[in-house]
Structure formats: C-alpha cells, structure tokens
Amino acid sequence: MSQLGTYLLLFALVVSCYGLLAAAVGAKTGRPALVESARRCAFGVLVTVAAANATMLAALLSNEFAIRYVADNSARETPVFFKALSLWAADSGSLLLWNLILAGYIAAVAVRFRRDRPPTFPYALSVLFAVQVFYLILINGPAQPFASLANPPADGRGPAPLLQNHPLMAVHPPFLYLGFIGFTVPFAFGIAALLAGQGLDQWVSLIRRWTLVVWCFLTVGLLLGALWSYSVLGWGGYWAWDPVENVALLPWLLSTAFLHSVMLQERRGMARLWNIALVIGAFSLMTFGTFLTRANVLSSVHAFAQTSVGPAYLAFLALVLLAGFGLVAWRLPTLRTPASLTSAISREGAFVANNMLLLAAAAIILLGTTFPLVVEAVSGQQVTVGGPYFRSSVTPVFLLILLLAGTAPLLPWRATNRSRALRRLRVPATAAALVMIATAWAGVRQITVVAGFGLAALVFVTSGQEILGGLAIGRRGLRAGTVRALVRGRRRHAGLVVHLGLALVAAGITASYSLGQQAQVTLKTGQSTVFGGQVLRYQGLHTDQQPQRIVLTTTVSVTNSSGGTAGTLDPRMNLYPAATEPIGSPSIRRGIVWDLYASLISLQDDGGSATFRFYRNPGVNWLWFGGLVMALGGIAAAWPSRRPNSGGDQGAKAVRKRAAVEAGAP
C-alpha cells in the first residue's frame with residue numbers, strides 16, 4: 001500500500017505538470033489540440049488522486065501500521081467511523097483530501113467548458129494546474145503520507161482525542177476544505193483575464209456562480225465549525241476568536257464583498273479593478289490561513305502539529321501576491337473604467353459602502369490575528385489579542401453592515417427617488433423601532449444590544465417585504481405571460497433570502513453574547529441547585545468501559561419551577577489512553593428560545609460530588625437556523641436556470657450589450 005500510494009501521487013504530479021505545460025503552450029500559441037489534451041488531464045489527475053485517497057483509507061481500515069501516518073493516527077481499538085475520519089486528522093492525510101477536492105474542482109471546470117470555451121479558458125486551466133502542481137509537490141515532498149516504517153509497531157497511537165470525540169468531524173473539515181479550495185477557480189479565471197488581456201468584464205459573469213457555490217460551502221463549513229466548538233469543547237460558546245477561526249472567516253468576508261460588487265460590474269461597468277483585487281485577495285488570504293494552520297506558528301486547537309510544509313506555503317503565498325498584483329499593475333490602464341458613482345444614495349452607493357465595511361472588518365480581524373505573531377518575531381515577547389479586542393472593534397462595523405443590508409434593497413440603481421425609498425422604508429423602520437423599544441423596556445441597557453436586535457429586525461422585515469412584493473409582481477407577470485421577468489427575479493429573491501438568514505444570525509449572536517447566564521457549582525449526589533428558573537439535581541456517576549476510552553457520565557435531572565420534570569443532562573468526561581487529561585463532553589438541552597448547557601469540570605470522592613458549569617444560552621439555535629437559511633439562499637442563487645438566457649448568462653449578455661454601446665454599435 002505504501003508503494004502503491006507513493007506511485008499514484010507521483011503519477012498525478014507528472015500528469016498535472018503536463019496539463020500545466022499543455023494548457024499554457026496551447027493558450028500562447030492558439031493550438032486547440034493542446035488545450036483539449038490538458039483538459040482531459042484533469043480527469044486523469046482526479047482518478048489518480050482519488051485512488052491514492054482510497055489506498056490510504058484502506059490502509060487505515062486494515063491497520064496497516066507499516067505506514068507512518070496510519071501508525072500515528074489510528075489504532076486497532078479506534079472505531080471504524082473514526083478510523084475513516086483519520087484520513088484528514090493530521091497534516092499529510094489532510095493534504096490527500098485537499099488534493100482530491102482541488103482535482104475535483106479542476107475536473108468540474110473541464111466538464112463545464114468542454115464545448116463552449118471562453119478565450120480565457122486555456123489560461124485559467126494552466127493556473128488551476130499550477131496550483132495543483134504545488135500541492136502535489138508538497139505531498140510528494142515534505143508531507144509524504146505514504147512514508148513507511150522500518151519497524152512497524154503492533155498498534156498505533158490513535159487519533160487525537162478531540163478528533164474522535166464527536167461525529168461532526170465527519171463534515172466540518174470537508175466543507176471547510178470545499179470552501180477554501182474552491183477559491184482557486186475564481187482566482188484562476190481572474191488571473192486568466194489579466195494574462196489574456198481580454199474578457200476583463202466577461203470573467204466575472206463566468207465565475208459568479210462558481211463563487212456562490214464556494215461561498216455556500218465556506219458558510220456551511222464555518223457554521224459546522226461553530227457548532228463543533230459549541231457541542232464538543234464544553235466552554236459554552238461557539239466562536240472564541242481563535243486565530244485559525246479568524247483566518248477562515250477572512251476569505252468569507254472578501255468573497256461576500258465580491259458577490260456584491262460583481263453586480264456593479266455587470267450592471268454599471270464599475271469596479272473592474274476592485275473585483276480582480278478582491279479575488280486575488282481572497283485566494284491570498286486562503287493561502288495565508290493555510291500557512292498559519294500548518295506552519296507550527298500558532299497554538300490552537302485547530303492547528304496541525306508536527307508539520308514541515310510551512311516554508312513552502314510562505315513561498316507560495318509570496319508568489320501569489322507578487323504574480324497576482326504584479327499582473328494587476330501591468331493591466332492597470334485597461335482595468336480603469338469610465339463609469340463612476342452618480343449618486344451616493346443609490347443601490348451602487350450602498351454596495352460600495354458595504355464593500356468598504358466588509359474590508360474594514362477583514363482588516364481589523366487580520367490585524368488582531370497577526371499582531372502577536374509580528375511582536376513575537378520582532379521582539380521575542382509573547383502577547384495575546386483576545387475576544388474583547390475583536391468584539392469591541394468589529395461590532396460597530398457589523399452593525400453598520402446590518403444597517404446597509406436593511407436599507408440597500410429599497411434603493412434603486414443610479415439616481416434615487418427618495419420619497420419612494422422612504423415610503424418603502426416605513427414598515428421596516430417602524431418594526432425596528434418597536435423592537436428596540438421593547439428591548440429597552442425589558443431592561444437591556446447596552447446600546448449595541450438594543451441596536452443589534454433593532455437592525456436585525458430591520459433586515460428581516462425589509463427582506464421579507466421585498467420578497468413578498470417581488471412574488472406578487474411575479475404572479476401578475478405570469479398572468480400577463482411574462483414568465484421571463486419572474487425567472488430573472490430569482491437571483492434577487494435568493495439574495496434577499498440570504499439577508500433573512502443574516503438577520504436571524506445577527507439576532508442569535510446578539511442574544512447569546514449579551515443575555516446569557518452561567519454559574520459554576522459543586523454538588524454532592526442528591527444535592528440540587530436553582531439555575532435559570534430550574535432545579536438541577538446531581539443524581540450520580542456512571543462508568544462505561546469502551547474499547548478506545550473510558551466514559552464517566554454524570555446525570556443531572558432538570559425540574560421546572562412548577563415542579564414538572566423537564567428531562568436530564570448527562571455531561572461526561574472521556575479518558576483516552578493518549579490523552580494526559582480527561583476530555584470533557586457537554587450536554588445540551590436545546591430550545592427555540594434558549595439552551596440549557598452543562599459541562600462537567602471535575603469529579604471528587606470517586607464521583608460522590610462533581611463540579612459543573614451551567615450555561616443558559618439564548619438565541620443560539622437562531623444562529624444555526626439563520627446560517628442554514630443563508631446557505632440555502634446562496635444555493636438558490638447559484639442554481640442553474642433551465643432557460644438558456646438567465647442567471648449568469650444574463651449578466652454576460654448585459655456586459656456584451658454595454659460593451660457594444662460603448663464601442664458605438666447600434
């Protein structure tokens with residue numbers, strides 16, 4: 001298996017190198033046969049890398065401890081489910097999955113443009129293969145997942161305890177990788193437009209749908225990461241402003257900005273330079289985040305240990321920045337557009353302001369994340385930048401983003417009819433004011449909390465009002481026979497659905513961060529305490545001997561203030577042979593309005609008494625549901641239309657029409 005996996009990865013590298021050269025030479029010389037052969041290489045790389053992943057999976061499941069990766073990350077007693085997840089439990093194995101997903105994206109591009117190929121396609125294909133070559137060099141060089149051991153152990157060490165403590169590990173990393181790696185596609189087409197010197201407007205229409213899909217994957221990945229942190233780590237929260245969490249958020253912020261500003265280029269011919277810079281920036285931040293995770297420079301529960309690929313990532317990041325922005329400087333005269341902002345109080349003015357705020361949030365987070373690293377590199381001193389900095393700095397920016405999300409859909413393009421916009425704003429503004437008054441009346445005195453709930457209501461009511469109004473217009477259009485108008489409105493309605501989800505997320509974050517309660521108590525068996533209006537009684541300890549661990553489970557009964565039984569909580573501690581200390585698992589009673597959350601801190605007197613930390617977390621489930629609504633809205637916006645001249649094709653058609661008008665064509 002070691003030799004088979006090694007040869008498969010080496011063959012994939014050779015095929016990718018040929019694909020890179022064939023696509024580049026074909027693009028430069030205009031030889032379609034070379035481009036076609038490069039396109040077909042995409043499928044060969046995908047099949048080969050998939051076979052390598054299957055080989056590693058088989059080695060994990062069959063306890064092939066002669067392979068170092070298997071010996072380090074699996075054991076005979078590890079359940080089969082977590083053995084399979086060990087494929088991405090450490091750096092070299094995760095690079096196998098990374099290469100597989102990247103090869104899948106390249107193959108998807110090859111399928112999409114098998115017939116109708118824009119002039120930038122050969123250049124984009126060469127860039128895609130160049131990125132694939134880099135990651136295959138990593139896995140054939142310093143990573144080497146199939147490296148063998150001269151003296152194989154009888155048993156392996158098993159996965160890290162946290163990675164086999166919850167089934168969410170099955171979905172969180174793959175979705176995050178699908179989002180991270182997917183930024184390669186818009187980056188490749190943006191660079192291709194710069195290399196070709198043409199299609200500087202058309203490329204945004206080509207990759208808008210790709211970017212939406214990637215944005216959906218990353219949204220779900222971030223959501224699942226927050227859910228994993230909430231459900232596994234036992235600290236009662238879901239976002240700790242951990243450096244690795246932060247660098248995963250940065251590409252999401254830039255891609256969100258791009259998805260808004262791309263409409264400026266499609267509708268008004270604006271933001272050509274801005275959009276290409278956003279795409280290069282998002283891909284660069286993805287690479288930077290990967291470097292931080294794998295370069296042994298962070299102390300984080302998310303970071304990989306014992307990896308030697310950090311310098312290679314740093315060199316690749318430098319190459320991306322120099323090549324990307326060097327090409328931008330080269331094509332700068334052609335990236336300037338005559339179109340300009342005609343009115344600040346307009347849809348395009350709101351999009352520009354939204355982009356500025358999203359970049360401000362990204363800059364604040366990037367500064368707080370990298371500042372400790374810079375200080376340590378320069379002075380050798382260790383400093384930390386924690387949650388208070390991020391919350392105090394980012395909160396005003398996100399409140400302004402909510403204000404724009406609640407008002408921008410009411411503004412028309414170009415000049416603004418202020419009286420009409422104010423009429424449409426009347427109902428959302430009234431709803432927001434009522435929510436803020438009710439929040440203050442309930443005793444909340446924090447201005448940011450009152451504003452957070454009010455602006456979330458503004459976004460929700462505005463989006464709902466516009467969706468209902470658009471559907472009513474669509475019904476009238478159907479009766480009039482204008483089906484096309486309804487189909488073309490799908491993209492706008494989907495964006496409004498994303499805003500509905502954003503409002504729910506904002507309300508959930510505001511409630512959970514500002515209105516939660518917590519208490520730490522030590523209870524003897526049979527003893528009770530009152531928390532959050534409920535009686536919590538410690539019933540005792542139960543020990544379960546499992547093949548890979550010992551589970552110490554406590555039982556806490558929950559009784560309502562009226563005396564009715566509301567169920568039980570069962571927080572536990574898991575003792576793994578490879579762990580130096582127990583790994584806790586919280587217990588959560590989830591509700592629509594609030595969660596009751598219990599963590600087991602320690603045990604005394606052989607379980608005769610236990611120390612618990614209880615949390616009453618309001619609004620957390622609004623966050624999960626809102627994130628799901630955002631992802632569904634993104635999927636609806638990216639979903640291909642059955643009509644040939646809709647969706648992204650409409651954007652391309654608008655770009656061609658505008659270019660013809662500018663050139664003086666009738």
# chains A, B, ... in the order shown; residues from 1 in each chain; ligands from 1

call {"tool": "select_by_dssp", "arguments": {"residues": "range 395-608 of chain A", "states": "helix (DSSP H, G or I)", "output": "number ranges by chain"}}
result
A: 395-410, 418-441, 447-480, 483-488, 490-514, 605-607

call {"tool": "residues_around", "arguments": {"residues": "Asn165 in chain A", "least_positions_apart": "2", "cutoff": "10 Å", "atoms": "only C-alpha atoms", "output": "short mmCIF file (atom, residue, chain, number, x, y, z; two decimals) with N, CA and C atoms, in the first residue's frame"}}
result
data_model
loop_
_atom_site.label_atom_id
_atom_site.label_comp_id
_atom_site.auth_asym_id
_atom_site.auth_seq_id
_atom_site.Cartn_x
_atom_site.Cartn_y
_atom_site.Cartn_z
N PHE A 82 -14.31 6.51 13.11
CA PHE A 82 -13.24 7.46 13.36
C PHE A 82 -11.95 7.05 12.67
N PRO A 159 -6.17 8.42 16.81
CA PRO A 159 -6.37 9.85 16.51
C PRO A 159 -6.26 10.69 17.78
N ALA A 160 -6.03 11.98 17.61
CA ALA A 160 -6.07 12.89 18.74
C ALA A 160 -7.44 12.81 19.41
N PRO A 161 -7.49 12.84 20.75
CA PRO A 161 -8.77 12.64 21.44
C PRO A 161 -9.88 13.56 20.95
N LEU A 162 -9.60 14.85 20.74
CA LEU A 162 -10.64 15.77 20.30
C LEU A 162 -11.21 15.40 18.94
N LEU A 163 -10.41 14.71 18.11
CA LEU A 163 -10.85 14.39 16.76
C LEU A 163 -11.69 13.12 16.71
N PRO A 167 -19.03 13.16 16.15
CA PRO A 167 -19.17 12.86 14.72
C PRO A 167 -19.14 14.07 13.81
N LEU A 168 -19.20 15.30 14.35
CA LEU A 168 -19.13 16.48 13.49
C LEU A 168 -17.80 16.57 12.74
N MET A 169 -16.77 15.84 13.22
CA MET A 169 -15.51 15.81 12.48
C MET A 169 -15.68 15.20 11.10
N VAL A 232 -18.75 20.34 21.48
CA VAL A 232 -17.66 19.44 21.85
C VAL A 232 -16.76 20.02 22.94
N LEU A 233 -16.37 21.29 22.83
CA LEU A 233 -15.33 21.82 23.69
C LEU A 233 -15.80 22.15 25.10
N ASN A 574 -14.24 11.88 29.12
CA ASN A 574 -13.74 10.74 28.37
C ASN A 574 -12.25 10.59 28.63
N TYR A 576 -8.97 8.95 27.38
CA TYR A 576 -8.31 8.29 26.26
C TYR A 576 -6.88 7.92 26.66
N ILE A 583 -11.02 14.42 28.55
CA ILE A 583 -11.64 15.27 27.54
C ILE A 583 -13.13 15.34 27.86
N GLY A 584 -13.60 16.53 28.17
CA GLY A 584 -15.00 16.69 28.54
C GLY A 584 -15.92 16.75 27.34
N SER A 585 -17.16 16.34 27.55
CA SER A 585 -18.22 16.46 26.54
C SER A 585 -19.43 17.06 27.21
#

call {"tool": "residues_around", "arguments": {"residues": "range 619-630 of chain A", "least_positions_apart": "6", "cutoff": "7 Å", "atoms": "only C-alpha atoms", "output": "ChimeraX atom specification"}}
result
/A:223,497-498,501-502,504-505,508-509,511-512,592-594

call {"tool": "residues_around", "arguments": {"residues": "Asn246 in chain A", "least_positions_apart": "3", "cutoff": "9 Å", "atoms": "only C-alpha atoms", "output": "CSV table (one decimal) with N, CA and C atoms, in the first residue's frame"}}
result
chain,number,residue,atom,x,y,z
A,241,TRP,N,-12.8,33.6,18.8
A,241,TRP,CA,-11.8,34.4,18.1
A,241,TRP,C,-10.4,33.8,18.1
A,242,ASP,N,-10.4,32.5,18.0
A,242,ASP,CA,-9.2,31.7,17.8
A,242,ASP,C,-8.5,32.1,16.5
A,243,PRO,N,-7.2,32.2,16.4
A,243,PRO,CA,-6.5,32.7,15.1
A,243,PRO,C,-7.0,31.8,13.9
A,249,LEU,N,-12.5,33.0,8.5
A,249,LEU,CA,-13.5,34.0,8.3
A,249,LEU,C,-13.1,35.0,7.2
A,250,LEU,N,-11.8,35.3,7.1
A,250,LEU,CA,-11.3,36.4,6.3
A,250,LEU,C,-11.7,36.1,4.8
A,289,GLY,N,-4.1,31.7,5.5
A,289,GLY,CA,-4.8,30.9,6.6
A,289,GLY,C,-4.2,29.5,6.6
A,365,ILE,N,-9.8,42.1,11.8
A,365,ILE,CA,-9.5,40.8,12.2
A,365,ILE,C,-8.1,40.3,11.9
A,366,LEU,N,-7.7,40.7,10.7
A,366,LEU,CA,-6.3,40.3,10.2
A,366,LEU,C,-5.3,41.0,11.2
A,369,THR,N,-5.2,39.2,14.5
A,369,THR,CA,-4.7,37.8,14.4
A,369,THR,C,-3.2,37.8,14.2

call {"tool": "closest_residue", "arguments": {"among": "A:Ala361, A:Ala12, A:Val535, A:Ala24", "to": "Ala196 in chain A", "atoms": "only C-alpha atoms"}}
result
A:Ala24

call {"tool": "atom_distance", "arguments": {"atom1": "CA of Asn354 in chain A", "atom2": "CA of Leu264 in chain A"}}
result
12.1 Å

call {"tool": "closest_residue", "arguments": {"among": "A:Gly634, A:Pro251, A:Gly158, A:Pro582", "to": "Ile181 in chain A", "atoms": "only C-alpha atoms"}}
result
A:Pro251

call {"tool": "residues_around", "arguments": {"residues": "Asn63 in chain A", "least_positions_apart": "5", "cutoff": "12 Å", "atoms": "only C-alpha atoms", "output": "PDB file with C-alpha atoms, in the first residue's frame"}}
result
ATOM      1  CA  MET A   1       0.000   0.000   0.000  1.00  0.00           C
ATOM      2  CA  MET A  56      -4.909   5.479   2.450  1.00  0.00           C
ATOM      3  CA  LEU A  57      -8.456   4.773   3.579  1.00  0.00           C
ATOM      4  CA  ALA A  58      -7.911   1.059   3.025  1.00  0.00           C
ATOM      5  CA  ARG A  68       3.803   6.003   9.410  1.00  0.00           C
ATOM      6  CA  TYR A  69       0.619   8.040   9.001  1.00  0.00           C
ATOM      7  CA  VAL A  70      -1.559   5.068   9.954  1.00  0.00           C
ATOM      8  CA  ALA A  71       0.603   4.288  12.982  1.00  0.00           C
ATOM      9  CA  ASP A  72       0.439   7.908  14.153  1.00  0.00           C
ATOM     10  CA  ASN A  73      -3.281   8.476  13.598  1.00  0.00           C
ATOM     11  CA  SER A  74      -5.129   5.193  14.034  1.00  0.00           C
ATOM     12  CA  ALA A  75      -5.241   2.213  16.388  1.00  0.00           C
ATOM     13  CA  ARG A  76      -6.815  -1.217  16.494  1.00  0.00           C
ATOM     14  CA  GLU A  77      -9.380  -0.129  19.085  1.00  0.00           C
ATOM     15  CA  THR A  78     -10.392   3.009  17.184  1.00  0.00           C
ATOM     16  CA  PRO A  79     -13.988   2.642  15.927  1.00  0.00           C
ATOM     17  CA  VAL A  80     -14.283   2.190  12.164  1.00  0.00           C
ATOM     18  CA  LYS A  83     -10.651   5.380  11.522  1.00  0.00           C
ATOM     19  CA  ALA A  84     -12.140   6.660   8.278  1.00  0.00           C
ATOM     20  CA  SER A  86      -8.409   9.827  10.423  1.00  0.00           C
ATOM     21  CA  PRO A 152       6.120  -1.204  12.359  1.00  0.00           C
ATOM     22  CA  PRO A 153       4.503  -1.102  15.819  1.00  0.00           C
ATOM     23  CA  ALA A 154       1.975  -3.714  16.864  1.00  0.00           C
ATOM     24  CA  ASP A 155      -0.583  -0.973  17.417  1.00  0.00           C
ATOM     25  CA  GLY A 156      -0.953   2.691  16.519  1.00  0.00           C
ATOM     26  CA  ARG A 157      -1.335   5.748  18.725  1.00  0.00           C
ATOM     27  CA  GLY A 158      -4.873   6.517  17.539  1.00  0.00           C
TER      28      GLY A 158
END

call {"tool": "residues_around", "arguments": {"residues": "Ala438 in chain A", "least_positions_apart": "4", "cutoff": "10 Å", "atoms": "only C-alpha atoms", "output": "PDB file with N, CA, C and O atoms, in the first residue's frame"}}
result
ATOM      1  N   ALA A 432     -38.288  47.983  13.334  1.00  0.00           N
ATOM      2  CA  ALA A 432     -37.015  48.091  14.047  1.00  0.00           C
ATOM      3  C   ALA A 432     -37.158  48.956  15.294  1.00  0.00           C
ATOM      4  O   ALA A 432     -36.627  48.625  16.366  1.00  0.00           O
ATOM      5  N   ALA A 433     -37.888  50.075  15.169  1.00  0.00           N
ATOM      6  CA  ALA A 433     -38.074  50.957  16.322  1.00  0.00           C
ATOM      7  C   ALA A 433     -38.843  50.249  17.430  1.00  0.00           C
ATOM      8  O   ALA A 433     -38.500  50.371  18.618  1.00  0.00           O
ATOM      9  N   LEU A 434     -39.882  49.504  17.068  1.00  0.00           N
ATOM     10  CA  LEU A 434     -40.663  48.783  18.079  1.00  0.00           C
ATOM     11  C   LEU A 434     -39.816  47.729  18.788  1.00  0.00           C
ATOM     12  O   LEU A 434     -39.925  47.548  20.004  1.00  0.00           O
ATOM     13  N   ALA A 442     -37.520  45.886  28.303  1.00  0.00           N
ATOM     14  CA  ALA A 442     -37.236  44.638  29.024  1.00  0.00           C
ATOM     15  C   ALA A 442     -36.044  44.748  29.958  1.00  0.00           C
ATOM     16  O   ALA A 442     -35.723  43.784  30.668  1.00  0.00           O
ATOM     17  N   GLY A 443     -35.375  45.888  29.975  1.00  0.00           N
ATOM     18  CA  GLY A 443     -34.291  46.092  30.916  1.00  0.00           C
ATOM     19  C   GLY A 443     -32.904  46.059  30.317  1.00  0.00           C
ATOM     20  O   GLY A 443     -31.916  46.177  31.054  1.00  0.00           O
ATOM     21  N   VAL A 444     -32.781  45.903  29.011  1.00  0.00           N
ATOM     22  CA  VAL A 444     -31.470  45.885  28.371  1.00  0.00           C
ATOM     23  C   VAL A 444     -30.989  47.323  28.208  1.00  0.00           C
ATOM     24  O   VAL A 444     -31.683  48.161  27.628  1.00  0.00           O
ATOM     25  N   VAL A 450     -29.298  46.707  22.022  1.00  0.00           N
ATOM     26  CA  VAL A 450     -30.561  47.278  21.530  1.00  0.00           C
ATOM     27  C   VAL A 450     -30.482  47.507  20.029  1.00  0.00           C
ATOM     28  O   VAL A 450     -31.407  47.167  19.270  1.00  0.00           O
ATOM     29  N   PHE A 453     -30.552  44.060  17.986  1.00  0.00           N
ATOM     30  CA  PHE A 453     -31.891  43.497  17.790  1.00  0.00           C
ATOM     31  C   PHE A 453     -32.706  44.348  16.815  1.00  0.00           C
ATOM     32  O   PHE A 453     -33.424  43.820  15.952  1.00  0.00           O
ATOM     33  N   GLY A 454     -32.607  45.680  16.942  1.00  0.00           N
ATOM     34  CA  GLY A 454     -33.376  46.545  16.058  1.00  0.00           C
ATOM     35  C   GLY A 454     -32.951  46.422  14.606  1.00  0.00           C
ATOM     36  O   GLY A 454     -33.797  46.333  13.705  1.00  0.00           O
TER      37      GLY A 454
END
